[in-house]
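Novice: Structure file coords.tsv (TSV, C-alpha atoms) is given on the next line.
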```
chain	number	residue	atom	x	y	z
O	1	MET	CA	30.54	25.11	-32.19
O	2	ASP	CA	28.51	27.96	-30.69
O	3	LYS	CA	26.46	29.40	-33.58
O	4	ASP	CA	25.63	32.60	-31.67
O	5	LEU	CA	29.33	33.32	-31.17
O	6	ILE	CA	30.14	32.70	-34.85
O	7	ASP	CA	27.29	34.98	-35.93
O	8	PHE	CA	28.56	37.69	-33.57
O	9	LEU	CA	32.11	37.40	-34.96
O	10	ARG	CA	30.76	37.79	-38.48
O	11	GLU	CA	28.73	40.82	-37.40
O	12	ARG	CA	32.04	42.35	-36.21
O	13	ASN	CA	33.43	41.66	-39.71
O	14	LEU	CA	36.14	39.37	-38.39
O	15	PRO	CA	38.03	37.80	-41.33
O	16	GLU	CA	36.57	34.43	-42.32
O	17	GLU	CA	39.95	32.71	-42.03
O	18	ASN	CA	40.15	33.82	-38.37
O	19	ILE	CA	36.65	32.49	-37.73
O	20	THR	CA	37.60	29.19	-39.40
O	21	ARG	CA	40.67	28.95	-37.18
O	22	ILE	CA	38.57	29.57	-34.05
O	23	ILE	CA	36.19	26.80	-35.15
O	24	ASP	CA	38.99	24.37	-36.00
O	25	GLU	CA	40.71	24.91	-32.67
O	26	LYS	CA	37.39	24.57	-30.81
O	27	ILE	CA	37.62	27.92	-29.08
O	28	ASP	CA	34.18	28.59	-27.65
O	29	ALA	CA	32.70	31.32	-25.42
O	30	HIS	CA	33.89	29.67	-22.19
O	31	ILE	CA	37.48	29.53	-23.46
O	32	ILE	CA	37.46	33.12	-24.75
O	33	VAL	CA	36.42	34.39	-21.29
O	34	LEU	CA	39.49	32.67	-19.81
O	35	MET	CA	42.00	33.75	-22.51
O	36	GLU	CA	44.62	36.46	-21.95
O	37	ASP	CA	44.30	39.45	-24.26
O	38	SER	CA	47.65	38.66	-25.87
O	39	SER	CA	46.48	35.13	-26.74
O	40	LEU	CA	43.12	36.31	-28.02
O	41	GLU	CA	44.85	38.86	-30.25
O	42	THR	CA	46.14	35.97	-32.39
O	43	TYR	CA	42.55	35.23	-33.43
O	44	ILE	CA	40.96	38.69	-33.10
O	45	PRO	CA	43.49	41.35	-34.13
O	46	LEU	CA	41.53	44.53	-33.32
O	47	TYR	CA	41.37	45.56	-29.65
O	48	GLY	CA	37.79	46.85	-29.91
O	49	ASP	CA	36.65	43.53	-31.36
O	50	ARG	CA	38.35	41.65	-28.54
O	51	ILE	CA	36.59	43.76	-25.89
O	52	ALA	CA	33.22	43.31	-27.63
O	53	VAL	CA	33.71	39.55	-28.05
O	54	LYS	CA	34.85	39.11	-24.44
O	55	ASN	CA	31.78	40.99	-23.17
O	56	PHE	CA	29.52	38.93	-25.44
O	57	CYS	CA	31.05	35.66	-24.22
O	58	SER	CA	30.97	36.76	-20.59
O	59	GLU	CA	27.26	37.60	-20.76
O	60	LYS	CA	26.54	34.38	-22.64
O	61	THR	CA	28.31	32.10	-20.17
O	62	THR	CA	26.81	33.94	-17.19
O	63	HIS	CA	23.31	33.58	-18.67
O	64	ARG	CA	23.89	29.88	-19.30
O	65	GLY	CA	25.20	29.45	-15.77
O	66	ASN	CA	22.14	31.17	-14.33
O	67	LYS	CA	19.86	29.11	-16.55
O	68	LYS	CA	21.60	25.91	-15.47
O	69	GLU	CA	21.37	26.94	-11.84
O	70	SER	CA	17.70	27.76	-12.32
O	71	LEU	CA	17.07	24.32	-13.82
O	72	ILE	CA	18.90	22.69	-10.93
O	73	ASN	CA	16.82	24.67	-8.43
O	74	LYS	CA	13.61	23.70	-10.24
O	75	LEU	CA	14.68	20.08	-10.17
O	76	LYS	CA	15.44	20.29	-6.46
O	77	LYS	CA	12.04	21.83	-5.80
O	78	ARG	CA	10.35	19.14	-7.85
O	79	LEU	CA	12.24	16.41	-6.02
O	80	GLY	CA	11.33	18.12	-2.78
O	81	LYS	CA	7.65	17.98	-3.70
O	82	VAL	CA	7.94	14.31	-4.62
O	83	ASP	CA	9.69	13.61	-1.34
O	84	SER	CA	7.04	15.60	0.50
O	85	SER	CA	4.26	13.69	-1.27
O	86	TYR	CA	5.96	10.42	-0.38
O	87	LYS	CA	6.24	11.47	3.25
O	88	ASP	CA	2.62	12.61	3.26
O	89	GLY	CA	1.58	9.28	1.74
O	90	ALA	CA	3.68	7.37	4.23
O	91	SER	CA	2.21	9.46	7.02
O	92	SER	CA	-1.32	8.79	5.75
O	93	SER	CA	-0.59	5.07	5.56
O	94	HIS	CA	0.82	5.21	9.06
O	95	LEU	CA	-2.29	6.99	10.32
O	96	LEU	CA	-4.49	4.48	8.52
O	97	GLY	CA	-2.52	1.67	10.11
O	98	ASN	CA	-3.00	3.31	13.50
O	99	LYS	CA	-6.74	3.60	12.92
O	100	ARG	CA	-6.91	-0.08	12.07
O	101	ALA	CA	-4.81	-0.89	15.10
O	102	GLU	CA	-7.17	1.15	17.27
O	103	LYS	CA	-10.29	-0.61	15.97
O	104	THR	CA	-11.98	-2.35	18.86
O	105	THR	CA	-14.24	-4.74	16.95
O	106	ARG	CA	-13.84	-7.67	14.56
O	107	LYS	CA	-16.11	-9.13	11.89
O	108	ILE	CA	-16.85	-12.84	12.11
O	109	GLU	CA	-19.09	-15.42	10.44
O	110	LEU	CA	-21.40	-17.68	12.42
O	111	ALA	CA	-22.85	-20.94	11.10
O	112	TRP	CA	-25.01	-23.63	12.69
O	113	MET	CA	-24.25	-27.35	12.63
O	114	HIS	CA	-26.62	-30.00	13.99
O	115	LYS	CA	-25.53	-33.43	15.18
O	116	GLU	CA	-27.52	-36.44	13.99
O	117	GLY	CA	-26.28	-39.90	14.86
O	118	ASP	CA	-22.53	-40.14	14.40
O	119	HIS	CA	-22.15	-37.14	12.10
O	120	SER	CA	-23.00	-33.45	11.95
O	121	LYS	CA	-24.76	-31.48	9.23
O	122	GLN	CA	-24.59	-27.80	8.47
O	123	VAL	CA	-28.06	-26.30	8.73
O	124	ARG	CA	-29.10	-24.38	5.65
O	125	VAL	CA	-30.60	-20.94	5.63
O	126	GLN	CA	-34.04	-22.29	4.58
O	127	THR	CA	-34.31	-24.15	7.88
O	128	GLY	CA	-33.00	-21.34	10.07
O	129	GLY	CA	-29.26	-21.79	9.56
O	130	GLY	CA	-26.99	-20.34	6.91
O	131	VAL	CA	-24.00	-18.09	7.53
O	132	ARG	CA	-24.47	-14.90	9.53
O	133	ASN	CA	-22.05	-11.96	9.44
O	134	ILE	CA	-21.71	-9.97	12.64
O	135	GLU	CA	-19.24	-7.64	14.34
O	136	LEU	CA	-18.15	-8.20	17.93
O	137	PRO	CA	-15.65	-6.59	20.33
O	138	LYS	CA	-12.12	-7.97	20.02
O	139	THR	CA	-12.26	-8.84	23.70
O	140	SER	CA	-15.27	-11.15	23.25
O	141	THR	CA	-14.89	-14.51	24.98
O	142	MET	CA	-15.88	-17.84	23.47
O	143	LYS	CA	-18.84	-17.95	25.88
O	144	GLU	CA	-20.04	-14.59	24.57
O	145	ILE	CA	-19.73	-15.79	20.96
O	146	LEU	CA	-21.69	-18.93	21.88
O	147	ASP	CA	-24.44	-16.80	23.45
O	148	GLU	CA	-24.53	-14.60	20.33
O	149	SER	CA	-24.92	-17.73	18.17
O	150	LEU	CA	-27.84	-18.95	20.28
O	151	ASP	CA	-29.57	-15.57	19.92
O	152	LEU	CA	-29.18	-15.77	16.13
O	153	PHE	CA	-30.16	-19.40	15.50
O	154	PHE	CA	-32.57	-19.87	18.41
O	155	PRO	CA	-34.39	-16.53	18.57
O	156	GLY	CA	-36.70	-16.52	21.55
O	157	GLY	CA	-35.23	-19.89	22.58
O	158	LYS	CA	-36.68	-21.90	19.69
O	159	SER	CA	-35.89	-23.07	16.16
O	160	LYS	CA	-37.27	-25.40	13.50
O	161	ARG	CA	-35.29	-28.21	15.10
O	162	GLY	CA	-36.65	-27.70	18.58
O	163	LEU	CA	-36.39	-25.67	21.76
O	164	VAL	CA	-33.04	-24.51	23.10
O	165	GLN	CA	-33.46	-26.58	26.29
O	166	GLU	CA	-33.63	-29.79	24.25
O	167	PHE	CA	-30.00	-29.51	23.15
O	168	ASP	CA	-26.48	-29.31	24.44
O	169	PHE	CA	-24.34	-26.78	22.61
O	170	GLU	CA	-20.70	-26.47	21.71
O	171	LEU	CA	-18.79	-23.77	19.84
O	172	LEU	CA	-16.42	-24.93	17.09
O	173	ASP	CA	-13.67	-22.88	15.48
O	174	PHE	CA	-12.97	-22.31	11.76
O	175	GLN	CA	-11.50	-25.83	11.54
O	176	GLN	CA	-14.64	-27.28	13.14
O	177	GLU	CA	-12.70	-28.18	16.26
O	178	PRO	CA	-13.83	-27.27	19.79
O	179	VAL	CA	-12.69	-23.74	20.60
O	180	GLU	CA	-10.06	-22.90	23.17
O	181	LYS	CA	-12.36	-21.63	25.90
O	182	SER	CA	-9.71	-19.35	27.37
O	183	PHE	CA	-9.17	-17.53	24.05
O	184	THR	CA	-10.64	-14.17	23.15
O	185	LEU	CA	-11.75	-13.30	19.63
O	186	GLU	CA	-8.60	-11.25	19.07
O	187	LYS	CA	-6.39	-14.12	20.16
O	188	TYR	CA	-8.01	-16.37	17.55
O	189	TYR	CA	-7.33	-13.75	14.88
O	190	ASP	CA	-3.73	-13.37	15.99
O	191	ARG	CA	-3.19	-17.11	15.85
O	192	SER	CA	-5.01	-17.91	12.60
O	193	LYS	CA	-4.10	-14.80	10.51
O	194	ILE	CA	-7.41	-15.28	8.67
O	195	ARG	CA	-9.18	-12.14	7.48
O	196	SER	CA	-12.66	-13.27	8.52
O	197	LEU	CA	-13.06	-16.09	11.02
O	198	ARG	CA	-15.98	-18.48	11.00
O	199	PHE	CA	-17.31	-20.09	14.16
O	200	HIS	CA	-19.84	-22.92	14.23
O	201	LEU	CA	-22.61	-23.47	16.75
O	202	LEU	CA	-22.95	-27.23	17.21
O	203	SER	CA	-26.30	-28.41	18.58
O	204	ILE	CA	-26.49	-31.93	20.02
O	205	PRO	CA	-29.80	-33.47	21.16
O	206	LYS	CA	-29.40	-34.19	24.88
O	207	GLN	CA	-30.43	-37.84	24.58
O	208	LEU	CA	-27.91	-38.39	21.79
O	209	ASN	CA	-25.17	-36.56	23.64
O	210	ALA	CA	-25.47	-38.90	26.57
O	211	ARG	CA	-24.50	-41.83	24.32
O	212	LEU	CA	-21.57	-40.20	22.52
O	213	THR	CA	-17.96	-40.04	23.55
O	214	GLU	CA	-16.75	-36.51	24.30
O	215	ASN	CA	-13.79	-36.43	21.93
O	216	LYS	CA	-15.40	-37.73	18.74
O	217	THR	CA	-14.88	-35.21	15.88
O	218	PRO	CA	-18.06	-34.50	13.87
O	219	ARG	CA	-18.18	-35.10	10.10
O	220	THR	CA	-19.95	-32.38	8.11
O	221	GLU	CA	-22.28	-32.39	5.14
O	222	ASP	CA	-25.05	-30.12	3.91
O	223	VAL	CA	-28.62	-30.65	5.02
O	224	GLN	CA	-30.89	-31.35	2.07
```
I need this file expressed as structure tokens, please.

Specialist:
Amino acid sequence: MDKDLIDFLRERNLPEENITRIIDEKIDAHIIVLMEDSSLETYIPLYGDRIAVKNFCSEKTTHRGNKKESLINKLKKRLGKVDSSYKDGASSSHLLGNKRAEKTTRKIELAWMHKEGDHSKQVRVQTGGGVRNIELPKTSTMKEILDESLDLFFPGGKSKRGLVQEFDFELLDFQQEPVEKSFTLEKYYDRSKIRSLRFHLLSIPKQLNARLTENKTPRTEDVQ
């Protein structure tokens, strides 16, 4: 039961048995506002008390209604801010996605493999090999990646394994298979879905290459 209403009734010196009856019959401020004067008279005999109680209940229910409406409005505003933040975040993610989509370069790894006999060995960094990380245009062709590899591993046309003119060269993909020469760098990324592709420069001594069949797949192991 509404304690404020009961306290107000007692302040008006309403008989305690009447107050008890109001409590027992669960007559609260909302009900009193809706009651006809003749019905309310059963519980509150004096006319002046009825007017005072009705005014009290009317103000109380109006205040509660305004407070409830205010809370609802605050909640709506808060939800609106959350929705706005979500939209802003989604918009930022969309813009970030667009920036990535607009990026014109790709990072790749380049390694050097050297053919000896019937197998190939990956050349370690101590002897001029290792893995190099570079960034190239997405439109780069396999020929351009091969040329970039030669510049890295044969600077000035020479290396610890010999001069560039002493070898035949082939570019291998991340599976150490000959690349598709018609592919661009972006096409390899689209097909593989790998975050960072690795290409291998394969050097084959010209004399050895003359004796080997073209389609033999090289076996890899580290150079000691």

Novice: Which residues are close to segment 199-212 of chain O, i.e. within 8 Å by only C-alpha atoms, leaving aside same-chain residues fewer than 2 positions away? Reply as an MDAnalysis selection string.

Specialist: chainID O and resid 108:117 146 149:150 166:174 176 197 214 216

Novice: Please, what distance in Å, to one decimal, runs between atom CA of Thr105 of chain O and atom CA of Ile194 of chain O?

Specialist: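 Between atom CA of Thr105 of chain O and atom CA of Ile194 of chain O the gap works out to 15.0 Å.
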
Novice: Rounded to one decimal, what separation in Å do you get between atom CA of Arg10 of chain O and atom CA of Leu46 of chain O?

Specialist: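 Interatomic distance here is 13.7 Å.
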
Novice: Between atom CA of Asn13 of chain O and atom CA of Asp49 of chain O, what distance in Å does the model show, to one decimal?

Specialist: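 Rounded to one decimal, the two atoms are 9.1 Å apart.
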
Novice: Using only C-alpha atoms, which residues sit within 9 Å of segment 14-23 of chain O once same-chain residues fewer than 2 positions away are excluded, as a PyMOL selection string?

Specialist: chain O and resi 1-2+6+9-12+25-28+42-45+49

Novice: For segment 159-165 of chain O, find every residue with an atom within 7 Å (counting all atoms listed in the file), except residues of its own chain fewer than 2 positions away, and show them as a list in words.

Specialist: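 So the residues in contact are Thr127, Gly128, Phe153, Phe154, Gly157 and Phe167 of chain O.
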
Novice: Please, what is the axis-aligned box for every listed atom of segment 36-47 of chain O with 8 Å on each side, as centre and edge lengths in Å to one decimal, as JSON?

Specialist:
```
{"center_x": 44.3, "center_y": 40.3, "center_z": -28.0, "size_x": 22.7, "size_y": 26.4, "size_z": 28.2}
```

Novice: Find the residues around Arg195 of chain O up to 12 Å (only C-alpha atoms counted), leave out those fewer than 4 positions away in its own chain, and share them as a list in words.

Specialist: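 Non-adjacent residues within range: Arg106, Lys107, Ile108, Glu109, Phe174, Glu186, Tyr188, Tyr189, Asp190 and Arg191 of chain O.
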
Novice: Could you give me, as number ranges by chain, the residues within 8 Å of segment 58-60 of chain O, counting only C-alpha atoms and dropping anything in the same chain fewer than 6 positions from it?

Specialist: O: 29-30, 33

Novice: Would you mind putting N, CA, C and O atoms back on segment 112-138 of chain O and writing the result as a tab-separated table (two decimals), in the coordinates of the input?

Specialist:
```tsv
chain	number	residue	atom	x	y	z
O	112	TRP	N	-24.39	-22.68	11.75
O	112	TRP	CA	-25.01	-23.63	12.69
O	112	TRP	C	-24.86	-25.04	12.14
O	112	TRP	O	-25.20	-25.32	10.99
O	113	MET	N	-24.35	-25.93	12.98
O	113	MET	CA	-24.25	-27.35	12.63
O	113	MET	C	-25.07	-28.15	13.64
O	113	MET	O	-25.09	-27.84	14.83
O	114	HIS	N	-25.74	-29.19	13.13
O	114	HIS	CA	-26.62	-30.00	13.99
O	114	HIS	C	-26.15	-31.45	13.94
O	114	HIS	O	-25.92	-32.01	12.86
O	115	LYS	N	-26.02	-32.06	15.10
O	115	LYS	CA	-25.53	-33.43	15.18
O	115	LYS	C	-26.69	-34.41	15.09
O	115	LYS	O	-27.68	-34.30	15.81
O	116	GLU	N	-26.53	-35.37	14.17
O	116	GLU	CA	-27.52	-36.44	13.99
O	116	GLU	C	-26.77	-37.76	13.91
O	116	GLU	O	-25.99	-37.98	12.98
O	117	GLY	N	-27.00	-38.63	14.85
O	117	GLY	CA	-26.28	-39.90	14.86
O	117	GLY	C	-24.80	-39.68	15.11
O	117	GLY	O	-24.41	-39.00	16.05
O	118	ASP	N	-23.98	-40.26	14.20
O	118	ASP	CA	-22.53	-40.14	14.40
O	118	ASP	C	-21.91	-39.05	13.53
O	118	ASP	O	-20.69	-39.00	13.37
O	119	HIS	N	-22.71	-38.21	12.93
O	119	HIS	CA	-22.15	-37.14	12.10
O	119	HIS	C	-22.95	-35.85	12.30
O	119	HIS	O	-24.04	-35.87	12.87
O	120	SER	N	-22.37	-34.76	11.81
O	120	SER	CA	-23.00	-33.45	11.95
O	120	SER	C	-23.29	-32.87	10.58
O	120	SER	O	-22.54	-33.09	9.62
O	121	LYS	N	-24.37	-32.11	10.49
O	121	LYS	CA	-24.76	-31.48	9.23
O	121	LYS	C	-24.87	-29.97	9.43
O	121	LYS	O	-25.36	-29.51	10.46
O	122	GLN	N	-24.43	-29.25	8.41
O	122	GLN	CA	-24.59	-27.80	8.47
O	122	GLN	C	-26.02	-27.45	8.10
O	122	GLN	O	-26.55	-27.90	7.09
O	123	VAL	N	-26.65	-26.67	8.94
O	123	VAL	CA	-28.06	-26.30	8.73
O	123	VAL	C	-28.13	-25.17	7.72
O	123	VAL	O	-27.45	-24.15	7.85
O	124	ARG	N	-28.97	-25.38	6.71
O	124	ARG	CA	-29.10	-24.38	5.65
O	124	ARG	C	-29.99	-23.23	6.07
O	124	ARG	O	-30.77	-23.32	7.02
O	125	VAL	N	-29.88	-22.16	5.30
O	125	VAL	CA	-30.60	-20.94	5.63
O	125	VAL	C	-32.12	-21.15	5.59
O	125	VAL	O	-32.87	-20.53	6.36
O	126	GLN	N	-32.60	-22.05	4.70
O	126	GLN	CA	-34.04	-22.29	4.58
O	126	GLN	C	-34.64	-22.87	5.86
O	126	GLN	O	-35.83	-22.72	6.12
O	127	THR	N	-33.81	-23.54	6.64
O	127	THR	CA	-34.31	-24.15	7.88
O	127	THR	C	-33.77	-23.43	9.12
O	127	THR	O	-33.68	-24.02	10.20
O	128	GLY	N	-33.40	-22.17	8.92
O	128	GLY	CA	-33.00	-21.34	10.07
O	128	GLY	C	-31.51	-21.23	10.29
O	128	GLY	O	-31.08	-20.62	11.27
O	129	GLY	N	-30.72	-21.83	9.39
O	129	GLY	CA	-29.26	-21.79	9.56
O	129	GLY	C	-28.61	-20.76	8.66
O	129	GLY	O	-28.90	-19.58	8.74
O	130	GLY	N	-27.73	-21.25	7.78
O	130	GLY	CA	-26.99	-20.34	6.91
O	130	GLY	C	-25.79	-19.73	7.62
O	130	GLY	O	-25.44	-20.12	8.74
O	131	VAL	N	-25.17	-18.77	6.97
O	131	VAL	CA	-24.00	-18.09	7.53
O	131	VAL	C	-24.38	-16.66	7.86
O	131	VAL	O	-24.88	-15.93	7.00
O	132	ARG	N	-24.15	-16.26	9.08
O	132	ARG	CA	-24.47	-14.90	9.53
O	132	ARG	C	-23.18	-14.10	9.72
O	132	ARG	O	-22.19	-14.62	10.23
O	133	ASN	N	-23.21	-12.85	9.30
O	133	ASN	CA	-22.05	-11.96	9.44
O	133	ASN	C	-22.35	-10.93	10.52
O	133	ASN	O	-23.31	-10.17	10.42
O	134	ILE	N	-21.51	-10.92	11.54
O	134	ILE	CA	-21.71	-9.97	12.64
O	134	ILE	C	-20.37	-9.35	13.03
O	134	ILE	O	-19.31	-9.80	12.59
O	135	GLU	N	-20.44	-8.32	13.85
O	135	GLU	CA	-19.24	-7.64	14.34
O	135	GLU	C	-19.29	-7.63	15.86
O	135	GLU	O	-20.30	-7.23	16.45
O	136	LEU	N	-18.21	-8.09	16.48
O	136	LEU	CA	-18.15	-8.20	17.93
O	136	LEU	C	-16.88	-7.53	18.46
O	136	LEU	O	-15.90	-7.38	17.73
O	137	PRO	N	-16.88	-7.15	19.73
O	137	PRO	CA	-15.65	-6.59	20.33
O	137	PRO	C	-14.50	-7.60	20.27
O	137	PRO	O	-14.72	-8.81	20.37
O	138	LYS	N	-13.29	-7.09	20.09
O	138	LYS	CA	-12.12	-7.97	20.02
O	138	LYS	C	-11.93	-8.75	21.32
O	138	LYS	O	-11.34	-9.82	21.32
```
